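Participant: The following file, target-v3.tsv, comprises TSV, C-alpha atoms and all ligand atoms:
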```tsv
chain	number	residue	atom	x	y	z
E	1124	MET	CA	134.93	49.00	-52.00
E	1125	ILE	CA	132.38	47.33	-49.71
E	1126	GLU	CA	133.34	43.72	-49.17
E	1127	LYS	CA	130.44	41.32	-49.52
E	1128	VAL	CA	130.30	39.00	-46.49
E	1129	PRO	CA	129.33	35.47	-47.53
E	1130	MET	CA	126.04	34.38	-46.01
E	1131	SER	CA	127.66	31.48	-44.21
E	1132	ALA	CA	129.82	33.97	-42.31
E	1133	GLN	CA	126.91	36.18	-41.27
E	1134	LYS	CA	125.25	35.67	-37.95
E	1135	PHE	CA	121.50	35.15	-37.94
E	1136	PRO	CA	119.34	33.87	-35.11
E	1137	ARG	CA	118.68	30.14	-35.29
E	1138	GLU	CA	115.09	30.62	-34.22
E	1139	LEU	CA	112.16	32.87	-34.99
E	1140	ILE	CA	110.47	34.43	-31.96
E	1141	ASP	CA	107.60	36.88	-32.31
E	1142	ARG	CA	106.89	39.90	-30.13
E	1143	PHE	CA	104.61	37.83	-27.86
E	1144	GLY	CA	107.43	35.38	-27.21
E	1145	ARG	CA	105.94	32.64	-29.38
E	1146	LYS	CA	108.47	30.49	-31.21
E	1147	VAL	CA	107.65	29.98	-34.87
E	1148	ASP	CA	108.98	26.61	-35.94
E	1149	TYR	CA	106.29	25.47	-38.37
E	1150	ILE	CA	105.53	26.69	-41.89
E	1151	ARG	CA	102.67	25.80	-44.15
E	1152	LEU	CA	103.52	26.36	-47.78
E	1153	SER	CA	100.84	26.45	-50.44
E	1154	ILE	CA	102.42	25.38	-53.73
E	1155	THR	CA	99.38	26.07	-55.89
E	1156	ASP	CA	96.00	27.76	-55.64
E	1157	ARG	CA	94.60	25.29	-58.19
E	1158	CYS	CA	92.61	22.24	-57.31
E	1159	ASP	CA	90.76	19.42	-59.03
E	1160	PHE	CA	87.92	19.83	-56.48
E	1161	ARG	CA	85.76	22.86	-55.69
E	1162	CYS	CA	84.66	22.15	-52.11
E	1163	VAL	CA	81.68	24.35	-51.28
E	1164	TYR	CA	83.17	25.71	-48.05
E	1165	CYS	CA	86.55	26.38	-49.62
E	1166	MET	CA	85.97	27.78	-53.10
E	1167	ALA	CA	83.45	29.56	-55.25
E	1168	GLU	CA	82.10	27.50	-58.14
E	1169	ASP	CA	83.65	29.75	-60.79
E	1170	MET	CA	87.07	30.26	-59.21
E	1171	THR	CA	89.67	32.12	-61.19
E	1172	PHE	CA	93.20	30.98	-60.54
E	1173	LEU	CA	96.44	32.91	-60.66
E	1174	PRO	CA	98.48	33.13	-63.86
E	1175	ARG	CA	101.51	30.82	-63.72
E	1176	ASP	CA	104.11	33.58	-63.52
E	1177	GLU	CA	102.46	34.96	-60.37
E	1178	VAL	CA	102.98	31.66	-58.59
E	1179	LEU	CA	106.27	30.66	-56.94
E	1180	SER	CA	108.33	28.28	-59.03
E	1181	LEU	CA	109.14	24.97	-57.37
E	1182	GLU	CA	112.76	26.11	-57.15
E	1183	GLU	CA	111.61	29.23	-55.27
E	1184	CYS	CA	109.52	27.05	-52.96
E	1185	ALA	CA	112.55	24.88	-52.21
E	1186	ARG	CA	114.73	27.93	-51.61
E	1187	LEU	CA	112.23	29.34	-49.13
E	1188	VAL	CA	111.92	26.07	-47.24
E	1189	LYS	CA	115.72	25.85	-46.94
E	1190	ILE	CA	115.88	29.42	-45.60
E	1191	PHE	CA	113.16	28.77	-43.03
E	1192	VAL	CA	114.85	25.56	-41.90
E	1193	ARG	CA	118.04	27.59	-41.40
E	1194	LEU	CA	115.99	29.89	-39.19
E	1195	GLY	CA	114.94	27.04	-36.94
E	1196	VAL	CA	111.78	25.80	-38.61
E	1197	SER	CA	111.54	22.07	-38.00
E	1198	LYS	CA	108.17	21.23	-39.51
E	1199	VAL	CA	107.01	22.00	-43.04
E	1200	ARG	CA	103.56	21.25	-44.37
E	1201	ILE	CA	103.01	21.33	-48.11
E	1202	THR	CA	99.46	22.26	-48.97
E	1203	GLY	CA	97.40	24.20	-51.50
E	1204	GLY	CA	94.99	24.23	-53.38
E	1205	GLU	CA	95.70	20.63	-54.16
E	1206	PRO	CA	99.48	20.25	-53.94
E	1207	LEU	CA	99.56	16.96	-55.82
E	1208	VAL	CA	98.00	18.42	-58.97
E	1209	ARG	CA	100.96	20.75	-59.40
E	1210	LYS	CA	103.18	19.46	-62.21
E	1211	ASN	CA	106.48	18.06	-60.89
E	1212	ALA	CA	105.44	18.59	-57.26
E	1213	LEU	CA	107.43	15.45	-56.51
E	1214	TRP	CA	110.64	17.25	-57.43
E	1215	LEU	CA	110.02	19.64	-54.52
E	1216	PHE	CA	109.31	16.83	-52.06
E	1217	ASN	CA	112.56	15.13	-53.09
E	1218	GLU	CA	114.51	18.37	-52.85
E	1219	ILE	CA	113.44	19.16	-49.27
E	1220	GLY	CA	112.37	15.81	-47.82
E	1221	HIS	CA	115.76	14.85	-46.43
E	1222	LEU	CA	117.07	18.27	-45.37
E	1223	GLU	CA	119.26	18.12	-42.32
E	1224	ASN	CA	117.50	19.86	-39.39
E	1225	LEU	CA	114.06	19.44	-40.92
E	1226	GLY	CA	112.24	17.31	-38.38
E	1227	GLU	CA	109.11	16.62	-40.38
E	1228	LEU	CA	107.87	17.13	-43.91
E	1229	VAL	CA	104.12	16.61	-43.97
E	1230	LEU	CA	101.37	16.97	-46.54
E	1231	THR	CA	97.72	17.95	-46.70
E	1232	THR	CA	95.89	16.58	-49.71
E	1233	ASN	CA	92.41	15.79	-50.95
E	1234	GLY	CA	93.69	12.29	-51.76
E	1235	SER	CA	92.67	12.28	-55.41
E	1236	GLN	CA	96.24	11.69	-56.67
E	1237	LEU	CA	97.50	9.55	-53.80
E	1238	GLU	CA	96.92	6.19	-55.42
E	1239	LYS	CA	99.55	7.13	-58.02
E	1240	GLN	CA	101.89	9.15	-55.84
E	1241	ALA	CA	101.90	7.62	-52.34
E	1242	GLN	CA	105.02	5.50	-52.88
E	1243	ASP	CA	107.04	8.37	-54.39
E	1244	LEU	CA	106.01	10.68	-51.55
E	1245	LYS	CA	107.11	8.11	-49.01
E	1246	ASN	CA	110.46	7.71	-50.78
E	1247	ALA	CA	110.88	11.48	-50.86
E	1248	GLY	CA	110.72	11.65	-47.08
E	1249	VAL	CA	107.14	12.76	-46.39
E	1250	LYS	CA	106.42	11.66	-42.82
E	1251	ARG	CA	102.69	12.18	-42.39
E	1252	ILE	CA	99.67	12.80	-44.57
E	1253	ASN	CA	96.38	14.52	-43.78
E	1254	ILE	CA	93.61	13.58	-46.19
E	1255	SER	CA	90.40	15.58	-46.41
E	1256	VAL	CA	87.19	13.56	-46.50
E	1257	ASP	CA	83.89	15.22	-45.63
E	1258	SER	CA	81.49	12.46	-46.61
E	1259	LEU	CA	81.47	8.72	-47.19
E	1260	ASP	CA	78.42	8.91	-49.39
E	1261	LYS	CA	79.40	8.94	-53.06
E	1262	GLN	CA	76.69	11.36	-54.17
E	1263	ARG	CA	77.12	13.67	-51.25
E	1264	PHE	CA	80.89	13.64	-51.63
E	1265	LYS	CA	80.38	14.72	-55.21
E	1266	SER	CA	78.05	17.52	-54.24
E	1267	ILE	CA	80.33	18.87	-51.48
E	1268	THR	CA	83.45	18.75	-53.65
E	1269	ARG	CA	81.48	19.59	-56.81
E	1270	THR	CA	83.86	17.44	-58.89
E	1271	GLY	CA	85.39	14.80	-56.61
E	1272	ASP	CA	85.22	11.03	-56.87
E	1273	LEU	CA	85.02	9.35	-53.45
E	1274	GLU	CA	86.26	6.00	-54.82
E	1275	LYS	CA	89.50	7.57	-55.97
E	1276	VAL	CA	90.07	9.16	-52.58
E	1277	LEU	CA	89.37	5.90	-50.75
E	1278	LYS	CA	91.86	4.13	-53.01
E	1279	GLY	CA	94.33	6.91	-52.21
E	1280	ILE	CA	93.92	6.26	-48.48
E	1281	GLN	CA	94.55	2.54	-49.01
E	1282	ALA	CA	97.63	3.30	-51.12
E	1283	ALA	CA	99.05	5.55	-48.39
E	1284	LYS	CA	98.52	2.78	-45.82
E	1285	GLN	CA	100.03	0.14	-48.07
E	1286	VAL	CA	103.26	2.03	-48.69
E	1287	GLY	CA	103.68	2.33	-44.94
E	1288	PHE	CA	102.54	5.81	-43.94
E	1289	LYS	CA	101.86	5.90	-40.22
E	1290	ASN	CA	99.78	8.58	-38.54
E	1291	ILE	CA	97.49	9.18	-41.49
E	1292	LYS	CA	94.77	11.59	-40.44
E	1293	LEU	CA	91.45	12.42	-42.01
E	1294	ASN	CA	90.30	16.03	-41.96
E	1295	SER	CA	86.58	16.68	-42.04
E	1296	VAL	CA	84.64	19.93	-42.14
E	1297	LEU	CA	81.07	19.38	-40.94
E	1298	MET	CA	78.36	21.66	-42.30
E	1299	ARG	CA	74.92	21.93	-40.78
E	1300	GLY	CA	72.26	20.35	-43.02
E	1301	VAL	CA	74.92	19.11	-45.44
E	1302	ASN	CA	77.01	16.39	-43.74
E	1303	ASP	CA	76.66	16.94	-39.99
E	1304	ASP	CA	74.84	13.61	-39.76
E	1305	GLU	CA	78.08	11.85	-40.76
E	1306	ALA	CA	80.23	12.60	-37.72
E	1307	LEU	CA	79.69	9.09	-36.33
E	1308	SER	CA	80.17	7.27	-39.62
E	1309	LEU	CA	83.35	9.20	-40.37
E	1310	VAL	CA	84.72	8.23	-36.96
E	1311	GLU	CA	83.67	4.59	-37.47
E	1312	PHE	CA	85.53	4.62	-40.79
E	1313	ALA	CA	88.65	6.04	-39.10
E	1314	ILE	CA	88.47	3.31	-36.43
E	1315	ARG	CA	88.17	0.58	-39.07
E	1316	GLN	CA	91.18	2.01	-40.88
E	1317	ASP	CA	93.24	2.48	-37.69
E	1318	ILE	CA	93.78	6.13	-38.50
E	1319	ASP	CA	93.07	9.45	-36.76
E	1320	ILE	CA	90.43	11.98	-37.67
E	1321	SER	CA	90.12	15.72	-37.03
E	1322	PHE	CA	87.03	17.86	-37.26
E	1323	ILE	CA	87.74	21.40	-38.45
E	1324	GLU	CA	85.22	24.13	-37.77
E	1325	GLU	CA	84.30	26.01	-40.93
E	1326	MET	CA	86.13	29.34	-41.17
E	1327	PRO	CA	84.99	32.52	-42.94
E	1328	LEU	CA	87.75	32.65	-45.55
E	1329	GLY	CA	86.76	33.93	-48.98
E	1330	GLU	CA	83.26	34.50	-50.32
E	1331	VAL	CA	81.36	31.26	-50.96
E	1332	ASP	CA	77.77	30.55	-52.03
E	1333	HIS	CA	76.34	30.24	-48.49
E	1334	THR	CA	76.57	32.27	-45.33
E	1335	ARG	CA	79.00	30.66	-42.90
E	1336	GLU	CA	76.60	31.10	-40.01
E	1337	SER	CA	73.93	29.01	-41.76
E	1338	THR	CA	76.15	25.91	-41.94
E	1339	PHE	CA	78.30	26.30	-38.85
E	1340	VAL	CA	78.66	23.21	-36.66
E	1341	SER	CA	80.41	23.69	-33.36
E	1342	ASN	CA	83.05	21.13	-32.42
E	1343	ALA	CA	81.66	21.26	-28.88
E	1344	ASP	CA	78.41	19.77	-30.24
E	1345	THR	CA	80.26	17.18	-32.30
E	1346	LEU	CA	82.25	16.12	-29.24
E	1347	LYS	CA	79.03	15.72	-27.23
E	1348	LEU	CA	77.54	13.56	-29.98
E	1349	LEU	CA	80.63	11.35	-30.20
E	1350	GLN	CA	80.77	10.99	-26.42
E	1351	SER	CA	77.27	9.54	-26.51
E	1352	LYS	CA	78.65	6.58	-28.47
E	1353	TYR	CA	82.34	6.29	-27.51
E	1354	THR	CA	84.40	6.52	-24.37
E	1355	LEU	CA	86.79	9.36	-25.07
E	1356	THR	CA	89.77	10.29	-22.93
E	1357	PRO	CA	91.57	13.61	-23.37
E	1358	SER	CA	94.92	12.88	-24.94
E	1359	ALA	CA	98.19	14.70	-24.35
E	1360	TYR	CA	99.11	13.93	-27.96
E	1361	SER	CA	99.93	16.92	-30.12
E	1362	SER	CA	100.66	16.89	-33.82
E	1363	GLY	CA	102.29	20.29	-33.44
E	1364	GLY	CA	99.13	22.06	-34.54
E	1365	PRO	CA	96.05	23.56	-32.89
E	1366	ALA	CA	94.06	20.31	-32.70
E	1367	ARG	CA	93.04	19.01	-29.28
E	1368	TYR	CA	92.92	15.23	-29.24
E	1369	TRP	CA	90.80	12.59	-27.57
E	1370	GLN	CA	91.65	8.90	-27.57
E	1371	ILE	CA	88.81	6.50	-28.33
E	1372	THR	CA	89.08	3.73	-25.75
E	1373	ASN	CA	90.08	0.32	-27.11
E	1374	THR	CA	90.98	1.68	-30.54
E	1375	GLN	CA	94.05	3.08	-32.27
E	1376	THR	CA	92.09	6.16	-33.28
E	1377	ARG	CA	92.34	9.66	-31.88
E	1378	ILE	CA	89.81	12.35	-32.63
E	1379	GLY	CA	91.16	15.86	-33.05
E	1380	PHE	CA	89.17	19.06	-32.88
E	1381	ILE	CA	90.38	22.20	-34.59
E	1382	SER	CA	88.08	24.81	-33.17
E	1383	PRO	CA	89.04	28.35	-34.13
E	1384	HIS	CA	85.66	29.61	-32.89
E	1385	SER	CA	84.94	27.72	-29.70
E	1386	HIS	CA	88.57	27.32	-28.60
E	1387	ASN	CA	90.89	30.13	-29.51
E	1388	PHE	CA	94.29	28.55	-29.98
E	1389	CYS	CA	96.21	31.71	-30.84
E	1390	GLU	CA	98.22	31.99	-27.65
E	1391	SER	CA	100.22	28.91	-28.58
E	1392	CYS	CA	100.45	29.68	-32.31
E	1393	ASN	CA	103.76	28.40	-33.68
E	1394	ARG	CA	103.21	28.79	-37.40
E	1395	VAL	CA	103.23	31.10	-40.37
E	1396	ARG	CA	101.84	30.52	-43.83
E	1397	ILE	CA	103.33	31.15	-47.23
E	1398	THR	CA	100.94	31.48	-50.12
E	1399	CYS	CA	101.61	30.20	-53.61
E	1400	LYS	CA	102.40	33.84	-54.50
E	1401	GLY	CA	105.15	33.99	-51.91
E	1402	GLU	CA	103.18	36.10	-49.43
E	1403	LEU	CA	104.24	35.35	-45.89
E	1404	TYR	CA	101.04	35.58	-43.83
E	1405	LEU	CA	101.67	35.81	-40.13
E	1406	CYS	CA	98.12	34.68	-39.24
E	1407	LEU	CA	95.46	32.73	-41.15
E	1408	GLY	CA	92.76	35.13	-40.06
E	1409	GLN	CA	94.50	38.50	-40.46
E	1410	GLU	CA	95.94	40.50	-43.32
E	1411	ASP	CA	99.44	41.13	-41.93
E	1412	LYS	CA	101.95	39.89	-44.49
E	1413	VAL	CA	105.31	40.34	-46.16
E	1414	ASP	CA	105.78	39.77	-49.90
E	1415	LEU	CA	108.73	37.48	-50.39
E	1416	MET	CA	108.42	36.90	-54.13
E	1417	PRO	CA	109.88	40.29	-55.19
E	1418	LEU	CA	112.87	39.62	-52.93
E	1419	LEU	CA	113.32	36.08	-54.25
E	1420	ARG	CA	113.35	37.40	-57.79
E	1421	GLN	CA	115.46	40.49	-57.12
E	1422	TYR	CA	118.12	38.53	-55.22
E	1423	PRO	CA	118.39	35.15	-56.92
E	1424	ASP	CA	121.85	34.49	-55.45
E	1425	ASP	CA	121.63	36.24	-52.10
E	1426	ASP	CA	119.44	34.91	-49.30
E	1427	VAL	CA	120.30	37.69	-46.84
E	1428	PRO	CA	117.48	40.14	-47.79
E	1429	ILE	CA	114.96	37.30	-47.55
E	1430	ILE	CA	116.30	36.16	-44.20
E	1431	LYS	CA	116.10	39.72	-42.89
E	1432	ALA	CA	112.54	40.14	-44.14
E	1433	ILE	CA	111.48	36.93	-42.40
E	1434	ILE	CA	113.15	37.90	-39.13
E	1435	ASN	CA	111.55	41.36	-39.29
E	1436	SER	CA	108.12	39.84	-39.97
E	1437	MET	CA	108.09	38.48	-36.43
E	1438	ALA	CA	107.40	42.03	-35.26
E	1439	ILE	CA	104.05	42.09	-37.07
E	1440	LYS	CA	102.69	38.65	-36.23
E	1441	PRO	CA	99.25	39.44	-34.80
E	1442	GLN	CA	98.23	38.29	-31.37
E	1443	GLY	CA	95.32	36.31	-32.79
E	1444	HIS	CA	92.61	35.86	-35.38
E	1445	ASP	CA	89.27	37.58	-35.18
E	1446	PHE	CA	86.68	35.23	-36.67
E	1447	ASP	CA	83.08	36.31	-36.23
E	1448	LEU	CA	80.50	34.24	-38.10
E	1449	ARG	CA	77.77	36.84	-37.69
E	1450	ARG	CA	79.61	39.29	-39.89
E	1451	ALA	CA	78.15	39.28	-43.39
E	1452	GLU	CA	81.52	39.65	-45.06
E	1453	PRO	CA	84.33	37.09	-44.81
E	1454	ALA	CA	86.93	37.67	-42.06
E	1455	VAL	CA	89.53	37.72	-44.80
E	1456	ILE	CA	88.88	38.00	-48.52
E	1457	ARG	CA	91.36	35.34	-49.58
E	1458	PHE	CA	90.28	31.73	-49.85
E	1459	MET	CA	91.81	28.96	-47.79
E	1460	SER	CA	93.08	27.45	-51.05
E	1461	HIS	CA	95.11	30.60	-51.69
E	1462	THR	CA	96.62	30.86	-48.23
E	1463	GLY	CA	97.05	27.15	-47.76
E	1464	GLY	CA	94.94	25.25	-45.26
E	1501	LIG	N1	93.41	20.37	-51.10
E	1501	LIG	C1	93.95	19.87	-49.90
E	1501	LIG	C2	92.87	19.34	-48.99
E	1501	LIG	O1	91.70	19.55	-49.26
E	1501	LIG	O2	93.23	18.69	-48.00
E	1501	LIG	C3	94.80	20.88	-49.15
E	1501	LIG	C4	94.32	22.29	-49.07
E	1501	LIG	S1	92.81	22.54	-48.16
E	1501	LIG	C5	92.64	24.28	-48.29
E	1501	LIG	C6	93.35	22.21	-46.51
E	1501	LIG	C7	92.27	21.98	-45.49
E	1501	LIG	O3	91.55	23.18	-45.34
E	1501	LIG	C8	91.27	20.91	-45.87
E	1501	LIG	O4	91.21	19.96	-44.83
E	1501	LIG	C9	89.96	21.64	-45.99
E	1501	LIG	O5	88.90	20.86	-45.57
E	1501	LIG	C10	90.19	22.84	-45.12
E	1501	LIG	N2	89.39	24.02	-45.46
E	1501	LIG	C11	89.27	24.64	-46.65
E	1501	LIG	N3	88.48	25.72	-46.53
E	1501	LIG	C12	88.07	25.80	-45.25
E	1501	LIG	C13	87.25	26.68	-44.50
E	1501	LIG	N4	86.68	27.73	-45.06
E	1501	LIG	N5	87.09	26.43	-43.17
E	1501	LIG	C14	87.67	25.36	-42.58
E	1501	LIG	N6	88.46	24.49	-43.24
E	1501	LIG	C15	88.66	24.70	-44.55
E	1502	LIG	FE1	90.50	21.82	-53.12
E	1502	LIG	FE2	91.23	21.23	-50.64
E	1502	LIG	FE3	89.83	23.47	-51.16
E	1502	LIG	FE4	88.63	21.14	-51.41
E	1502	LIG	S1	89.45	21.98	-49.51
E	1502	LIG	S2	88.56	22.82	-52.89
E	1502	LIG	S3	90.22	19.84	-52.11
E	1502	LIG	S4	91.85	23.03	-51.84
```
Mind turning this structure into structure tokens?

Facilitator:
Amino acid sequence: MIEKVPMSAQKFPRELIDRFGRKVDYIRLSITDRCDFRCVYCMAEDMTFLPRDEVLSLEECARLVKIFVRLGVSKVRITGGEPLVRKNALWLFNEIGHLENLGELVLTTNGSQLEKQAQDLKNAGVKRINISVDSLDKQRFKSITRTGDLEKVLKGIQAAKQVGFKNIKLNSVLMRGVNDDEALSLVEFAIRQDIDISFIEEMPLGEVDHTRESTFVSNADTLKLLQSKYTLTPSAYSSGGPARYWQITNTQTRIGFISPHSHNFCESCNRVRITCKGELYLCLGQEDKVDLMPLLRQYPDDDVPIIKAIINSMAIKPQGHDFDLRRAEPAVIRFMSHTGG
């Protein structure tokens, strides 16, 4: 008879290192592909979403997070789709928020549900929140998000501040001819609110109604524009992600630039992404992946096969993404909302 060795007695590495020597200590977990918005750069207007049984249950999400933390992951970002529209999402935050060895549980949200949920998220142990805002003009906000209500999002930001979240950050995607004239006003807003702001270059993920090249705004140009109004000093601050930060003199606000096109950040990549279907993607811009859902369902009481699959996945983490805006087709077919931004 083969004796089953309990998992606690088995030896597994306490860290994940890929074949290029990069340590993976950060996961981004998409808990739903659904969203109450349909941002034009993120989704098609008539998106079809996954059937419920093809999406990880919240218990499966919690199990995965616990396994990754065991493997040395210290930062977990919950994202989507819109994570806060998932029913009972709060259960997950409570389940993982205070895990020993988890340094930081953080959240990316469109802010629409924050007014109601900010306090509960804080109590659950969420440390930082990124809130996406691409325009401060009500009409324009509506047309970019197709369904969103700016007022609700602004109230969500206030709620997050009131319950004591520090390090709130706005995320903005600028699109040429759509909202690229708002870089300065978005920064002014961030300064007034004493919060940070990051500009994310639009990425060719999924097929949307415009060509990515037609709307692309380079962060290098945005930086030049902002430097014409503010004194910016390069900051050593890192939020553990690919953003490069600049401090605005005499303010509390830092401006981050996430520039997958003009600054390739792959050499220091420390993250992997898990989709709401349980696919472990080793790179946002490549197709290399391992399907964890079949293992989760086949071995409900045994984490070893999942641990092994995650460790083995380090051998296929690509060296880098390969975004090229001039290509007619998207770099990858899946939408950011599926993979988790
Ligand atoms: N719904 C939440 C939100 O909007 O913050 C979380 C998910 S969303 C996919 C995460 C981030 O990805 C957002 O800041 C959004 O602006 C960004 N994003 C979505 N599609 C993108 C794209 N094609 N290129 C660059 N950023 C994108
Ligand atoms: Fe929804 Fe976020 Fe995508 Fe906008 S960017 S459609 S809010 S998932």

Participant: Write out as a list in words which residues come within 8 Å of Cys1392 of chain E when counting only C-alpha atoms, dropping same-chain ones fewer than 2 positions away.

Facilitator: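 Final neighbour list, sorted by chain and number: Arg1145, Val1147, Pro1365, Phe1388, Cys1389, Glu1390 and Arg1394 of chain E.
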
Participant: Nearest residue to Arg1161 of chain E out of E:Ser1382, E:Thr1268, E:Ser1337, E:Thr1376, using all atoms listed in the file?

Facilitator: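 Checking each of E:Ser1382, E:Thr1268, E:Ser1337, E:Thr1376 against Arg1161 of chain E, counting all atoms listed in the file, the winner is E:Thr1268.
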
Participant: With 10 Å as the threshold, what does the neighbourhood of (89.1, 10.8, -44.5) contain in terms of residues, counting all atoms listed in the file? Coordinates are those of the file; answer as a PyMOL selection string.

Facilitator: chain E and resi 1233-1234+1253-1259+1273+1276-1277+1280+1291-1295+1309-1310+1312-1313+1316+1318-1321

Participant: Have a look at atom FE2 of ligand LIG 1502 (chain E) and atom CA of Gln1236 of chain E and let me know their distance in Å, one decimal.

Facilitator: 12.3 Å

Participant: Which residues come within 7 Å of Gly1401 of chain E, counting all atoms listed in the file, excluding same-chain residues fewer than 3 positions away, as a ChimeraX atom specification?

Facilitator: /E:1179,1397-1398,1414-1416

Participant: List as CSV every residue of chain E that is in contact with ligand LIG 1502 (chain E), defined as an atom at most 8 Å from one of its atoms (using all atoms listed in the file), together with the nearest atom pair and the distance in Å rounded to one decimal, sorted by chain and then rising number.

Facilitator:
```
residue,atom,partner,partner_atom,distance
E:Asp1156,CA,E:LIG1502,S4,7.4
E:Arg1157,CA,E:LIG1502,S4,7.3
E:Cys1158,CA,E:LIG1502,FE1,4.7
E:Asp1159,CA,E:LIG1502,FE1,6.4
E:Phe1160,CA,E:LIG1502,FE1,4.7
E:Arg1161,CA,E:LIG1502,S2,4.0
E:Cys1162,CA,E:LIG1502,S2,4.0
E:Val1163,CA,E:LIG1502,S2,7.2
E:Tyr1164,CA,E:LIG1502,S1,7.4
E:Cys1165,CA,E:LIG1502,FE3,4.6
E:Met1166,CA,E:LIG1502,S2,5.6
E:Gly1203,CA,E:LIG1502,S4,5.7
E:Gly1204,CA,E:LIG1502,S4,3.7
E:Glu1205,CA,E:LIG1502,S4,5.1
E:Thr1232,CA,E:LIG1502,FE2,6.6
E:Asn1233,CA,E:LIG1502,S3,4.7
E:Ser1255,CA,E:LIG1502,FE2,7.1
E:Thr1268,CA,E:LIG1502,FE4,6.1
E:Met1459,CA,E:LIG1502,FE3,6.7
E:Ser1460,CA,E:LIG1502,S4,4.7
E:Gly1463,CA,E:LIG1502,S4,7.8
E:Gly1464,CA,E:LIG1502,S4,7.6
```

Participant: Have a look at E:Gly1226, E:Gly1364, E:Leu1187, E:Asn1393 and name the one nearest to Ala1432 of chain E; count all atoms listed in the file.

Facilitator: E:Leu1187

Participant: Just to confirm, what's the straight-line distance from atom CA of Gln1281 of chain E to atom CA of Val1229 of chain E in Å (one decimal)?

Facilitator: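 A separation of 17.7 Å between them.
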
Participant: Once you add 4 Å to each side, what are the centre and edge lengths of the axis-aligned box holding all listed atoms of ligand LIG 1501 (chain E)? One decimal in Å, as lines of an AutoDock Vina configuration file, if you can.

Facilitator:
```
center_x = 90.7
center_y = 23.2
center_z = -46.8
size_x = 16.1
size_y = 17.0
size_z = 16.5
```

Participant: Pick out the closest residue to Gly1195 of chain E from this set: E:Glu1138, E:Glu1177, E:Glu1325, E:Asp1424. Count only C-alpha atoms.

Facilitator: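 Of the candidates, the smallest distance to Gly1195 of chain E is held by E:Glu1138.
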
Participant: Which one is closest to Lys1400 of chain E: E:Asp1148, E:Asp1141, E:Asp1260, E:Glu1183? Count all atoms listed in the file.

Facilitator: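 Nearest candidate to Lys1400 of chain E out of E:Asp1148, E:Asp1141, E:Asp1260, E:Glu1183: E:Glu1183.
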